[in-house]
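Undergrad: Just query.pdb, nothing more (PDB, C-alpha atoms):
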ATOM      1  CA  MET T   1       4.434  41.866 -16.349
ATOM      2  CA  LEU T   2       5.044  38.738 -18.367
ATOM      3  CA  THR T   3       6.716  38.930 -21.687
ATOM      4  CA  ARG T   4       8.309  36.073 -23.468
ATOM      5  CA  ALA T   5       9.712  36.071 -26.963
ATOM      6  CA  GLY T   6       8.012  33.549 -29.174
ATOM      7  CA  SER T   7       5.115  33.124 -26.790
ATOM      8  CA  GLU T   8       2.435  35.318 -28.232
ATOM      9  CA  ARG T   9      -0.401  34.510 -25.909
ATOM     10  CA  LEU T  10       1.638  34.890 -22.749
ATOM     11  CA  GLU T  11       2.722  38.410 -23.663
ATOM     12  CA  GLY T  12       1.062  40.898 -21.410
ATOM     13  CA  ALA T  13      -0.756  38.109 -19.642
ATOM     14  CA  GLU T  14      -0.859  39.683 -16.237
ATOM     15  CA  ARG T  15      -3.812  37.499 -15.474
ATOM     16  CA  TYR T  16      -1.490  34.508 -14.979
ATOM     17  CA  GLU T  17       1.233  36.361 -13.118
ATOM     18  CA  ARG T  18       0.494  34.944  -9.680
ATOM     19  CA  GLN T  19       0.267  31.329 -10.774
ATOM     20  CA  ILE T  20       3.393  31.590 -12.914
ATOM     21  CA  LEU T  21       5.192  32.397  -9.681
ATOM     22  CA  LEU T  22       4.073  28.923  -8.599
ATOM     23  CA  LEU T  23       4.019  26.874 -11.795
ATOM     24  CA  GLY T  24       6.633  28.662 -13.885
ATOM     25  CA  GLU T  25       6.389  30.117 -17.381
ATOM     26  CA  ASP T  26       7.007  26.693 -18.862
ATOM     27  CA  GLY T  27       4.150  25.385 -16.763
ATOM     28  CA  GLN T  28       1.872  28.171 -17.962
ATOM     29  CA  GLU T  29       2.783  27.474 -21.568
ATOM     30  CA  ARG T  30       1.917  23.836 -21.087
ATOM     31  CA  ILE T  31      -1.377  24.863 -19.482
ATOM     32  CA  ARG T  32      -2.062  26.986 -22.550
ATOM     33  CA  ASP T  33      -1.295  24.113 -24.880
ATOM     34  CA  VAL T  34      -3.558  21.417 -23.437
ATOM     35  CA  ASN T  35      -7.079  20.291 -24.189
ATOM     36  CA  VAL T  36      -8.985  19.283 -21.070
ATOM     37  CA  PHE T  37     -12.126  17.206 -21.406
ATOM     38  CA  ILE T  38     -14.687  17.852 -18.661
ATOM     39  CA  ALA T  39     -17.352  15.168 -18.433
ATOM     40  CA  GLY T  40     -20.390  16.909 -17.004
ATOM     41  CA  ALA T  41     -21.384  20.541 -16.442
ATOM     42  CA  GLY T  42     -23.047  19.961 -13.072
ATOM     43  CA  GLY T  43     -21.818  20.640  -9.538
ATOM     44  CA  LEU T  44     -18.258  19.402 -10.028
ATOM     45  CA  GLY T  45     -18.012  20.335 -13.704
ATOM     46  CA  SER T  46     -19.143  23.917 -13.083
ATOM     47  CA  LEU T  47     -16.400  24.666 -10.637
ATOM     48  CA  SER T  48     -13.714  22.724 -12.510
ATOM     49  CA  ALA T  49     -14.553  24.579 -15.700
ATOM     50  CA  ILE T  50     -14.424  27.971 -13.991
ATOM     51  CA  TYR T  51     -11.039  27.395 -12.372
ATOM     52  CA  LEU T  52      -9.546  25.719 -15.433
ATOM     53  CA  ALA T  53     -10.724  28.541 -17.681
ATOM     54  CA  ALA T  54      -9.379  31.130 -15.264
ATOM     55  CA  ALA T  55      -6.061  29.268 -15.181
ATOM     56  CA  GLY T  56      -5.732  29.646 -18.958
ATOM     57  CA  ILE T  57      -6.232  26.093 -20.189
ATOM     58  CA  GLY T  58      -5.898  26.295 -23.971
ATOM     59  CA  ARG T  59      -8.976  24.339 -24.862
ATOM     60  CA  ILE T  60     -11.786  23.039 -22.689
ATOM     61  CA  THR T  61     -14.258  20.520 -24.064
ATOM     62  CA  ILE T  62     -17.400  20.048 -21.985
ATOM     63  CA  VAL T  63     -19.902  17.274 -22.540
ATOM     64  CA  ASP T  64     -23.377  17.371 -21.016
ATOM     65  CA  PHE T  65     -26.752  16.514 -22.499
ATOM     66  CA  ASP T  66     -28.922  17.955 -19.743
ATOM     67  CA  THR T  67     -30.939  21.123 -19.240
ATOM     68  CA  ILE T  68     -30.865  23.275 -16.127
ATOM     69  CA  ASP T  69     -33.366  22.511 -13.404
ATOM     70  CA  PRO T  70     -34.047  24.862 -10.460
ATOM     71  CA  SER T  71     -32.809  22.116  -8.119
ATOM     72  CA  ASN T  72     -29.346  22.406  -9.758
ATOM     73  CA  LEU T  73     -28.811  26.000  -8.733
ATOM     74  CA  ASN T  74     -27.571  25.427  -5.168
ATOM     75  CA  ARG T  75     -24.307  23.977  -6.460
ATOM     76  CA  GLN T  76     -23.955  24.213 -10.250
ATOM     77  CA  ILE T  77     -22.540  27.698 -10.130
ATOM     78  CA  LEU T  78     -21.989  28.131 -13.859
ATOM     79  CA  HIS T  79     -25.778  28.215 -14.174
ATOM     80  CA  TRP T  80     -27.803  31.101 -12.852
ATOM     81  CA  SER T  81     -31.503  31.726 -12.168
ATOM     82  CA  ASP T  82     -32.126  33.054 -15.674
ATOM     83  CA  ASP T  83     -30.637  29.910 -17.176
ATOM     84  CA  VAL T  84     -33.302  27.475 -15.976
ATOM     85  CA  ALA T  85     -34.448  25.224 -18.851
ATOM     86  CA  ARG T  86     -31.434  26.119 -21.019
ATOM     87  CA  MET T  87     -28.910  23.513 -22.062
ATOM     88  CA  LYS T  88     -26.126  23.346 -19.493
ATOM     89  CA  ILE T  89     -23.475  23.460 -22.185
ATOM     90  CA  ASP T  90     -24.881  26.721 -23.617
ATOM     91  CA  SER T  91     -24.995  28.335 -20.215
ATOM     92  CA  ALA T  92     -21.488  27.058 -19.468
ATOM     93  CA  ARG T  93     -19.962  28.338 -22.696
ATOM     94  CA  GLU T  94     -21.523  31.764 -22.254
ATOM     95  CA  LYS T  95     -19.982  32.236 -18.797
ATOM     96  CA  LEU T  96     -16.620  30.645 -19.527
ATOM     97  CA  VAL T  97     -15.775  32.836 -22.520
ATOM     98  CA  LYS T  98     -16.409  35.850 -20.305
ATOM     99  CA  ILE T  99     -14.237  34.461 -17.527
ATOM    100  CA  ASN T 100     -11.346  34.032 -19.940
ATOM    101  CA  PRO T 101     -11.613  34.851 -23.659
ATOM    102  CA  ASP T 102      -8.173  33.265 -24.220
ATOM    103  CA  VAL T 103      -9.671  29.840 -23.730
ATOM    104  CA  GLU T 104     -11.226  27.922 -26.575
ATOM    105  CA  ILE T 105     -14.468  26.374 -25.361
ATOM    106  CA  GLU T 106     -15.993  23.424 -27.145
ATOM    107  CA  VAL T 107     -19.314  22.060 -25.970
ATOM    108  CA  ILE T 108     -20.929  18.782 -26.915
ATOM    109  CA  ALA T 109     -24.557  17.924 -26.183
ATOM    110  CA  GLU T 110     -24.284  14.183 -25.829
ATOM    111  CA  LYS T 111     -24.893  11.575 -23.195
ATOM    112  CA  ILE T 112     -21.763   9.529 -22.629
ATOM    113  CA  ASP T 113     -22.404   5.930 -23.579
ATOM    114  CA  GLU T 114     -20.499   2.872 -24.682
ATOM    115  CA  GLY T 115     -20.686   3.916 -28.308
ATOM    116  CA  ASN T 116     -19.233   7.420 -27.971
ATOM    117  CA  ALA T 117     -17.065   7.481 -24.818
ATOM    118  CA  SER T 118     -13.797   6.668 -26.547
ATOM    119  CA  GLU T 119     -14.390   9.111 -29.389
ATOM    120  CA  LEU T 120     -15.425  11.904 -27.020
ATOM    121  CA  VAL T 121     -12.300  11.752 -24.876
ATOM    122  CA  GLY T 122     -10.157  10.872 -27.875
ATOM    123  CA  SER T 123      -8.570  14.179 -28.750
ATOM    124  CA  SER T 124      -8.114  15.454 -25.222
ATOM    125  CA  ASP T 125      -4.967  15.468 -23.121
ATOM    126  CA  LEU T 126      -6.686  15.050 -19.751
ATOM    127  CA  VAL T 127     -10.097  13.925 -18.550
ATOM    128  CA  VAL T 128     -11.884  15.492 -15.594
ATOM    129  CA  ASP T 129     -14.491  13.088 -14.251
ATOM    130  CA  ALA T 130     -17.352  15.302 -13.093
ATOM    131  CA  MET T 131     -20.133  12.827 -13.741
ATOM    132  CA  ASP T 132     -22.961  12.030 -11.350
ATOM    133  CA  ASN T 133     -23.071   8.260 -11.827
ATOM    134  CA  PHE T 134     -20.652   5.367 -11.956
ATOM    135  CA  ARG T 135     -22.017   3.910 -15.175
ATOM    136  CA  ALA T 136     -20.604   6.897 -17.054
ATOM    137  CA  ARG T 137     -17.524   7.076 -14.837
ATOM    138  CA  TYR T 138     -16.585   3.500 -15.759
ATOM    139  CA  LEU T 139     -16.933   4.338 -19.454
ATOM    140  CA  LEU T 140     -14.649   7.338 -19.022
ATOM    141  CA  ASN T 141     -12.196   5.279 -16.994
ATOM    142  CA  LYS T 142     -12.024   2.597 -19.659
ATOM    143  CA  ALA T 143     -11.734   5.087 -22.526
ATOM    144  CA  ALA T 144      -9.044   7.103 -20.748
ATOM    145  CA  ILE T 145      -7.002   3.981 -20.030
ATOM    146  CA  ALA T 146      -7.341   2.717 -23.607
ATOM    147  CA  ARG T 147      -6.137   6.079 -24.923
ATOM    148  CA  ASN T 148      -3.498   6.554 -22.207
ATOM    149  CA  ILE T 149      -5.056   9.780 -20.961
ATOM    150  CA  PRO T 150      -4.876  10.674 -17.253
ATOM    151  CA  LEU T 151      -8.215  10.843 -15.475
ATOM    152  CA  PHE T 152      -9.006  13.103 -12.528
ATOM    153  CA  HIS T 153     -11.838  11.577 -10.524
ATOM    154  CA  GLY T 154     -14.096  13.415  -8.121
ATOM    155  CA  ALA T 155     -17.416  12.458  -6.541
ATOM    156  CA  VAL T 156     -19.651  13.920  -3.848
ATOM    157  CA  HIS T 157     -22.464  12.963  -1.505
ATOM    158  CA  GLY T 158     -23.791  15.255   1.196
ATOM    159  CA  PHE T 159     -20.864  16.637   3.175
ATOM    160  CA  VAL T 160     -18.534  13.957   1.805
ATOM    161  CA  GLY T 161     -16.382  13.950  -1.295
ATOM    162  CA  GLN T 162     -13.590  11.872  -2.774
ATOM    163  CA  VAL T 163     -10.778  12.415  -5.253
ATOM    164  CA  THR T 164      -8.210  10.237  -6.932
ATOM    165  CA  THR T 165      -5.945  10.703  -9.915
ATOM    166  CA  VAL T 166      -5.517   7.868 -12.403
ATOM    167  CA  ILE T 167      -2.417   7.590 -14.570
ATOM    168  CA  PRO T 168      -3.187   4.769 -17.033
ATOM    169  CA  GLY T 169      -0.926   1.768 -16.744
ATOM    170  CA  GLU T 170       0.817   3.159 -13.694
ATOM    171  CA  THR T 171      -1.690   3.651 -10.903
ATOM    172  CA  ALA T 172      -4.894   2.159  -9.551
ATOM    173  CA  CYS T 173      -7.796   3.013 -11.829
ATOM    174  CA  LEU T 174     -11.363   3.772 -10.836
ATOM    175  CA  ARG T 175     -12.441   0.167 -11.366
ATOM    176  CA  CYS T 176      -9.575  -1.155  -9.199
ATOM    177  CA  ILE T 177     -10.911   0.932  -6.305
ATOM    178  CA  PHE T 178     -14.632   0.553  -7.023
ATOM    179  CA  PRO T 179     -15.384  -2.749  -8.763
ATOM    180  CA  ASP T 180     -19.141  -2.248  -8.348
ATOM    181  CA  ASP T 181     -21.526   0.497  -9.384
ATOM    182  CA  PRO T 182     -23.007   2.025  -6.202
ATOM    183  CA  GLN T 183     -26.075   3.032  -8.273
ATOM    184  CA  GLU T 184     -26.898   6.213  -6.477
ATOM    185  CA  GLY T 185     -30.092   8.084  -7.339
ATOM    186  CA  VAL T 186     -30.973  11.515  -5.988
ATOM    187  CA  PHE T 187     -28.254  12.403  -3.518
ATOM    188  CA  PRO T 188     -28.141  15.114  -0.847
ATOM    189  CA  ILE T 189     -25.559  17.799  -1.537
ATOM    190  CA  ILE T 190     -24.439  21.305  -0.732
ATOM    191  CA  GLY T 191     -22.496  23.410  -3.191
ATOM    192  CA  ALA T 192     -19.528  23.730  -0.870
ATOM    193  CA  THR T 193     -18.820  19.987  -1.061
ATOM    194  CA  CYS T 194     -18.634  20.258  -4.857
ATOM    195  CA  GLY T 195     -16.404  23.294  -4.388
ATOM    196  CA  VAL T 196     -13.892  21.446  -2.232
ATOM    197  CA  VAL T 197     -13.763  18.351  -4.437
ATOM    198  CA  ALA T 198     -13.645  20.151  -7.800
ATOM    199  CA  SER T 199     -10.950  22.473  -6.461
ATOM    200  CA  ILE T 200      -8.803  19.477  -5.584
ATOM    201  CA  GLN T 201      -9.417  18.010  -9.046
ATOM    202  CA  VAL T 202      -8.297  21.258 -10.690
ATOM    203  CA  ASN T 203      -5.308  21.403  -8.375
ATOM    204  CA  GLU T 204      -4.366  17.924  -9.566
ATOM    205  CA  VAL T 205      -4.815  18.901 -13.225
ATOM    206  CA  LEU T 206      -2.597  21.974 -12.909
ATOM    207  CA  LYS T 207       0.078  20.044 -11.016
ATOM    208  CA  TYR T 208       0.035  17.296 -13.612
ATOM    209  CA  ILE T 209       0.372  19.710 -16.525
ATOM    210  CA  SER T 210       3.095  21.794 -14.909
ATOM    211  CA  CYS T 211       4.924  18.808 -13.401
ATOM    212  CA  THR T 212       4.589  20.304  -9.938
ATOM    213  CA  GLY T 213       4.070  18.667  -6.561
ATOM    214  CA  THR T 214       2.848  15.146  -5.860
ATOM    215  CA  LEU T 215      -0.310  13.724  -7.389
ATOM    216  CA  ALA T 216      -3.136  11.963  -5.536
ATOM    217  CA  THR T 217      -2.344   8.680  -7.268
ATOM    218  CA  ASN T 218      -2.812   5.335  -5.535
ATOM    219  CA  ARG T 219      -4.693   7.241  -2.875
ATOM    220  CA  LEU T 220      -8.354   7.991  -2.388
ATOM    221  CA  LEU T 221      -8.685  11.358  -0.710
ATOM    222  CA  PHE T 222     -11.759  11.753   1.468
ATOM    223  CA  TRP T 223     -13.148  15.139   2.406
ATOM    224  CA  ASN T 224     -15.684  15.039   5.238
ATOM    225  CA  GLY T 225     -17.270  18.434   5.635
ATOM    226  CA  ALA T 226     -19.381  17.198   8.539
ATOM    227  CA  ASP T 227     -16.364  17.101  10.825
ATOM    228  CA  ALA T 228     -14.053  19.194   8.628
ATOM    229  CA  THR T 229     -11.444  16.478   8.095
ATOM    230  CA  MET T 230      -9.434  15.303   5.124
ATOM    231  CA  SER T 231      -8.156  11.749   5.147
ATOM    232  CA  GLU T 232      -6.817   9.265   2.645
ATOM    233  CA  ILE T 233      -7.007   5.594   1.869
ATOM    234  CA  ARG T 234      -4.062   3.900   0.263
ATOM    235  CA  VAL T 235      -5.155   1.996  -2.852
ATOM    236  CA  GLU T 236      -3.367  -0.387  -5.180
ATOM    237  CA  ARG T 237      -3.827  -1.605  -8.713
ATOM    238  CA  ASP T 238      -5.808  -4.792  -9.062
ATOM    239  CA  PRO T 239      -3.764  -7.073 -11.352
ATOM    240  CA  GLY T 240      -7.020  -8.649 -12.546
ATOM    241  CA  CYS T 241      -8.904  -5.361 -13.065
ATOM    242  CA  VAL T 242     -11.277  -5.641 -16.018
ATOM    243  CA  ASP T 243     -10.531  -2.049 -17.071
ATOM    244  CA  CYS T 244      -6.770  -1.630 -16.636
ATOM    245  CA  LYS T 245      -5.384  -5.165 -16.701
ATOM    246  CA  GLY T 246      -2.455  -5.169 -19.070
ATOM    247  CA  ALA T 247      -2.306  -1.380 -19.392
ATOM    248  CA  GLY T 248       1.242  -0.089 -19.210
ATOM    249  CA  VAL T 249       2.733  -3.516 -19.891
ATOM    250  CA  ASN T 250       4.938  -3.592 -22.932
TER     251      ASN T 250
ATOM    252  CA  MET I   1      -3.081  -6.377  15.453
ATOM    253  CA  ILE I   2      -5.235  -5.261  12.514
ATOM    254  CA  LYS I   3      -5.742  -1.580  11.908
ATOM    255  CA  VAL I   4      -9.310  -0.690  10.890
ATOM    256  CA  LYS I   5      -9.905   2.750   9.404
ATOM    257  CA  ALA I   6     -13.450   3.975   8.868
ATOM    258  CA  PHE I   7     -14.462   6.883   6.640
ATOM    259  CA  ALA I   8     -17.434   9.219   6.186
ATOM    260  CA  ARG I   9     -20.576   7.935   7.893
ATOM    261  CA  PHE I  10     -18.878   4.710   8.950
ATOM    262  CA  ARG I  11     -16.551   6.830  11.033
ATOM    263  CA  GLU I  12     -19.538   8.003  13.053
ATOM    264  CA  VAL I  13     -20.271   4.346  13.778
ATOM    265  CA  PHE I  14     -16.844   2.877  14.454
ATOM    266  CA  GLY I  15     -14.709   5.919  15.153
ATOM    267  CA  LYS I  16     -11.744   7.004  13.077
ATOM    268  CA  GLU I  17      -9.394   4.128  13.711
ATOM    269  CA  LEU I  18      -9.502   0.886  15.642
ATOM    270  CA  GLY I  19      -6.894  -1.678  16.557
ATOM    271  CA  VAL I  20      -8.227  -5.233  16.597
ATOM    272  CA  GLU I  21      -6.292  -8.190  17.946
ATOM    273  CA  LEU I  22      -6.547 -11.317  15.798
ATOM    274  CA  ASP I  23      -8.042 -14.375  17.432
ATOM    275  CA  GLY I  24      -6.993 -17.293  15.270
ATOM    276  CA  LYS I  25      -8.069 -17.444  11.620
ATOM    277  CA  THR I  26     -10.066 -14.316  10.902
ATOM    278  CA  THR I  27     -11.811 -13.294   7.712
ATOM    279  CA  VAL I  28     -13.125  -9.863   6.749
ATOM    280  CA  VAL I  29     -16.681 -10.869   7.555
ATOM    281  CA  ASP I  30     -15.537 -12.261  10.941
ATOM    282  CA  LEU I  31     -13.872  -8.951  11.678
ATOM    283  CA  LEU I  32     -16.933  -6.914  10.721
ATOM    284  CA  THR I  33     -19.336  -9.172  12.600
ATOM    285  CA  GLY I  34     -17.196  -8.727  15.692
ATOM    286  CA  LEU I  35     -17.005  -4.968  15.213
ATOM    287  CA  CYS I  36     -20.719  -4.484  14.556
ATOM    288  CA  ALA I  37     -21.976  -5.970  17.823
ATOM    289  CA  PRO I  38     -20.482  -3.446  20.279
ATOM    290  CA  HIS I  39     -21.258  -0.560  17.906
ATOM    291  CA  ASP I  40     -24.822  -1.654  17.193
ATOM    292  CA  ALA I  41     -23.986  -1.486  13.493
ATOM    293  CA  HIS I  42     -25.234  -4.822  12.216
ATOM    294  CA  ASP I  43     -27.991  -3.310  10.057
ATOM    295  CA  ILE I  44     -25.632  -0.763   8.557
ATOM    296  CA  ILE I  45     -22.878  -3.159   7.506
ATOM    297  CA  LEU I  46     -24.335  -6.657   7.310
ATOM    298  CA  ASP I  47     -27.313  -8.113   5.483
ATOM    299  CA  GLU I  48     -29.906 -10.517   6.898
ATOM    300  CA  SER I  49     -27.815 -13.556   6.040
ATOM    301  CA  GLY I  50     -24.770 -12.140   7.805
ATOM    302  CA  GLY I  51     -22.972 -11.163   4.600
ATOM    303  CA  ILE I  52     -21.531  -7.724   3.896
ATOM    304  CA  LYS I  53     -23.920  -5.264   2.283
ATOM    305  CA  LYS I  54     -23.044  -4.464  -1.297
ATOM    306  CA  TYR I  55     -22.648  -0.730  -0.785
ATOM    307  CA  VAL I  56     -20.010  -1.138   1.917
ATOM    308  CA  ASN I  57     -16.606  -0.678   0.294
ATOM    309  CA  ILE I  58     -13.813  -2.569   2.010
ATOM    310  CA  LEU I  59     -10.150  -2.469   1.100
ATOM    311  CA  VAL I  60      -7.510  -4.667   2.654
ATOM    312  CA  ASN I  61      -4.050  -3.165   2.276
ATOM    313  CA  GLY I  62      -5.328  -1.004  -0.578
ATOM    314  CA  ARG I  63      -7.075  -3.758  -2.515
ATOM    315  CA  HIS I  64     -10.851  -4.058  -2.761
ATOM    316  CA  ILE I  65     -11.962  -7.339  -1.194
ATOM    317  CA  GLN I  66     -13.770  -8.216  -4.419
ATOM    318  CA  SER I  67     -10.403  -8.584  -6.089
ATOM    319  CA  LEU I  68      -9.218 -10.737  -3.170
ATOM    320  CA  SER I  69     -11.514 -13.390  -1.692
ATOM    321  CA  GLY I  70     -14.480 -11.158  -0.912
ATOM    322  CA  ALA I  71     -15.961 -11.432   2.584
ATOM    323  CA  GLN I  72     -13.884 -14.550   3.124
ATOM    324  CA  THR I  73     -10.594 -12.712   2.593
ATOM    325  CA  GLU I  74      -8.310 -13.833   5.399
ATOM    326  CA  LEU I  75      -6.602 -11.227   7.502
ATOM    327  CA  ALA I  76      -3.093 -11.342   8.849
ATOM    328  CA  ASP I  77      -1.338  -9.475  11.585
ATOM    329  CA  GLY I  78      -0.449  -5.957  10.449
ATOM    330  CA  ASP I  79      -3.173  -5.728   7.791
ATOM    331  CA  GLU I  80      -4.944  -2.438   7.273
ATOM    332  CA  VAL I  81      -8.688  -2.532   6.577
ATOM    333  CA  ALA I  82     -10.484   0.529   5.186
ATOM    334  CA  ILE I  83     -14.287   0.796   5.315
ATOM    335  CA  PHE I  84     -16.013   3.531   3.327
ATOM    336  CA  PRO I  85     -19.386   4.213   1.760
ATOM    337  CA  PRO I  86     -20.128   4.781  -1.927
ATOM    338  CA  VAL I  87     -19.831   8.383  -3.091
ATOM    339  CA  ALA I  88     -21.087   8.748  -6.617
ATOM    340  CA  GLY I  89     -22.688  12.166  -7.131
ATOM    341  CA  GLY I  90     -21.380  15.060  -9.128
TER     342      GLY I  90
END
Would you encode the structure as structure tokens?
TA:
Amino acid sequence: MLTRAGSERLEGAERYERQILLLGEDGQERIRDVNVFIAGAGGLGSLSAIYLAAAGIGRITIVDFDTIDPSNLNRQILHWSDDVARMKIDSAREKLVKINPDVEIEVIAEKIDEGNASELVGSSDLVVDAMDNFRARYLLNKAAIARNIPLFHGAVHGFVGQVTTVIPGETACLRCIFPDDPQEGVFPIIGATCGVVASIQVNEVLKYISCTGTLATNRLLFWNGADATMSEIRVERDPGCVDCKGAGVN
Amino acid sequence: MIKVKAFARFREVFGKELGVELDGKTTVVDLLTGLCAPHDAHDIILDESGGIKKYVNILVNGRHIQSLSGAQTELADGDEVAIFPPVAGG
């Protein structure tokens, strides 16, 4: 059992016992003290939110403007059959507080755009990119860099998914790796691909917070479920990148 | 020798990794044109004018070719070229 003087919320917190063995009590306290911004409550956002809530993140802010469609249900596992037509954020909050009542859940029903991106991510400590389009991803990337907030990117298509972690001013950002918007419309997907990719994103978040392991920075991880392989592409910062040029330079 | 690494559906076309010997001055588009013929991949990678399709992501030594000299980026012995498709869904 965990008890720690001066650490009220960790007292009796058997629920974190197994991960404290891995991340340490200090790591768990840091996890408790952070505010993670999750952009999107869809396939990636559902799973990220579940694992981050279960891990005891202090505050989770989720932004999504959409309602639940039956075609979402094969992968967006925070939303259940009875939730069709509800706002995703309402469905998400309802489940997450039951998963872990310790966690403060804030939900925002807004579409991320140029006018609000910076303000939305503003008070968070980390950004989880769980969007479904690069237009919004670029806005998050830019806002996170401007505010010096790490960004944990994940994207999926069919059996394939990718992950990279962006530390502003230090590592390649999303725009360095993908200068152009691929402009994807309706994409094929199974829930398991979202599960793999979002799990890696959460793994990155928890490592970052607890200062554990090695981050997926300057690397694009590629999961290919079709042949069950994981591979990586080395990436570098673009000195002329329109989003991160000058970031980290004093 | 240039190392070419293909990912996702491009791996089904080219295989996981290829070693290509340089033959004089070679650009990225030269490399891809040469690779496409034996793999019957012209329509997947190249457009009608012989340029590289926009959705084909290509990095040379970790840098996107757009931030280098695009399709005309020159390759040198020992370079590593990564080819991967866009993945944008969530």
Undergrad: Please, which residues are within 10 Å of (-21.5, 1.1, -12.6) by the file's coordinates, counting all atoms listed in the file, and could they come as a list in words?
TA: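 Those within range, by chain then number, are Asn133, Phe134, Arg135, Ala136, Arg137, Tyr138, Leu139, Arg175, Phe178, Pro179, Asp180, Asp181, Pro182, Gln183 and Glu184 of chain T; Ala88 of chain I.
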Undergrad: Nearest residue to Gly19 of chain I out of I:His64, I:Lys3, I:Lys54, I:His42, using only C-alpha atoms?
TA: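 Among I:His64, I:Lys3, I:Lys54, I:His42, it is I:Lys3 that comes nearest to Gly19 of chain I.
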Undergrad: Convert the output of the ChimeraX specification (/I :<8) & /T on the shown file into explicit residues, formatted as a PyMOL selection string.
TA: chain T and resi 42-45+130-134+154-157+160-162+176-179+182-184+187+194+222+224+233-238+240-241
Undergrad: For atom CA of Thr26 of chain I and atom CA of Pro239 of chain T, determine how far apart the two atoms are, in Å to one decimal place.
TA: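 Spanning atom CA of Thr26 of chain I to atom CA of Pro239 of chain T is a straight-line distance of 24.2 Å.
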Undergrad: So which residues touch Ile57 of chain T within 9 Å, counting only C-alpha atoms, skipping near sequence neighbours fewer than 5 positions away, as a PyMOL selection string?
TA: chain T and resi 28+30-36+52+102-104
Undergrad: Please produce a file of the residues just selected, as a CSV table (one decimal), in the coordinates of the input, where the atoms kept are C-alpha atoms.
TA:
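Dumped to again-v4.csv:
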chain,number,residue,atom,x,y,z
T,28,GLN,CA,1.9,28.2,-18.0
T,30,ARG,CA,1.9,23.8,-21.1
T,31,ILE,CA,-1.4,24.9,-19.5
T,32,ARG,CA,-2.1,27.0,-22.6
T,33,ASP,CA,-1.3,24.1,-24.9
T,34,VAL,CA,-3.6,21.4,-23.4
T,35,ASN,CA,-7.1,20.3,-24.2
T,36,VAL,CA,-9.0,19.3,-21.1
T,52,LEU,CA,-9.5,25.7,-15.4
T,102,ASP,CA,-8.2,33.3,-24.2
T,103,VAL,CA,-9.7,29.8,-23.7
T,104,GLU,CA,-11.2,27.9,-26.6
Undergrad: Calculate how many Å separate atom CA of Thr165 of chain T from atom CA of Ile149 of chain T, rounding to one decimal.
TA: 11.1 Å
Undergrad: May I ask which of the residues T:Ala216, T:Val107, T:Ala172, T:Ile112 is the closest one to Ala143 of chain T, counting only C-alpha atoms?
TA: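 Selected residue with least distance to Ala143 of chain T: T:Ile112.
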Undergrad: Find the distance between atom CA of Thr164 of chain T and atom CA of Asp47 of chain I and write it in Å to one decimal.
TA: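 Rounded to one decimal, the two atoms are 29.3 Å apart.
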Undergrad: Counting all atoms listed in the file, which of I:Pro38, I:Ile2, I:Gly70, I:Thr33 gets nearest to Glu17 of chain I?
TA: I:Ile2
Undergrad: What's the 9 Å shell around segment 87-91 of chain T, counting all atoms listed in the file, without same-chain residues fewer than 3 positions away, as a PyMOL selection string?
TA: chain T and resi 40-42+62-68+78-80+83-84+94-96+106-109
Undergrad: I would like the residues chosen by the PyMOL selection byres ((chain I and resi 32) around 12) on the shown file; could you give them as number ranges by chain?
TA: I: 2, 4, 6, 10, 14, 18, 20, 26-31, 33-47, 50-53, 56, 58, 71-73, 75, 81-83
Undergrad: Given the file above and the PyMOL selection byres ((chain I and resi 78) around 6), which residues are selected, and can you give them as a list in words?
TA: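 Those residues are Met1, Ile2, Asp77 and Asp79 of chain I.
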Undergrad: Would you fill out segment 93-99 of chain T with N, CA, C and O atoms and return it as a CSV table (one decimal), in the coordinates of the input?
TA:
chain,number,residue,atom,x,y,z
T,93,ARG,N,-20.8,27.7,-21.7
T,93,ARG,CA,-20.0,28.3,-22.7
T,93,ARG,C,-20.1,29.9,-22.5
T,93,ARG,O,-19.1,30.6,-22.6
T,94,GLU,N,-21.3,30.3,-22.4
T,94,GLU,CA,-21.5,31.8,-22.3
T,94,GLU,C,-20.7,32.4,-21.1
T,94,GLU,O,-20.1,33.4,-21.3
T,95,LYS,N,-20.7,31.7,-20.0
T,95,LYS,CA,-20.0,32.2,-18.8
T,95,LYS,C,-18.5,32.1,-19.0
T,95,LYS,O,-17.7,33.0,-18.6
T,96,LEU,N,-18.1,30.9,-19.5
T,96,LEU,CA,-16.6,30.6,-19.5
T,96,LEU,C,-15.9,31.6,-20.5
T,96,LEU,O,-14.7,32.0,-20.2
T,97,VAL,N,-16.5,31.9,-21.6
T,97,VAL,CA,-15.8,32.8,-22.5
T,97,VAL,C,-15.6,34.2,-21.9
T,97,VAL,O,-14.7,35.0,-22.2
T,98,LYS,N,-16.5,34.6,-21.0
T,98,LYS,CA,-16.4,35.8,-20.3
T,98,LYS,C,-15.4,35.8,-19.2
T,98,LYS,O,-14.7,36.8,-18.9
T,99,ILE,N,-15.3,34.6,-18.6
T,99,ILE,CA,-14.2,34.5,-17.5
T,99,ILE,C,-12.9,34.6,-18.1
T,99,ILE,O,-12.0,35.2,-17.6
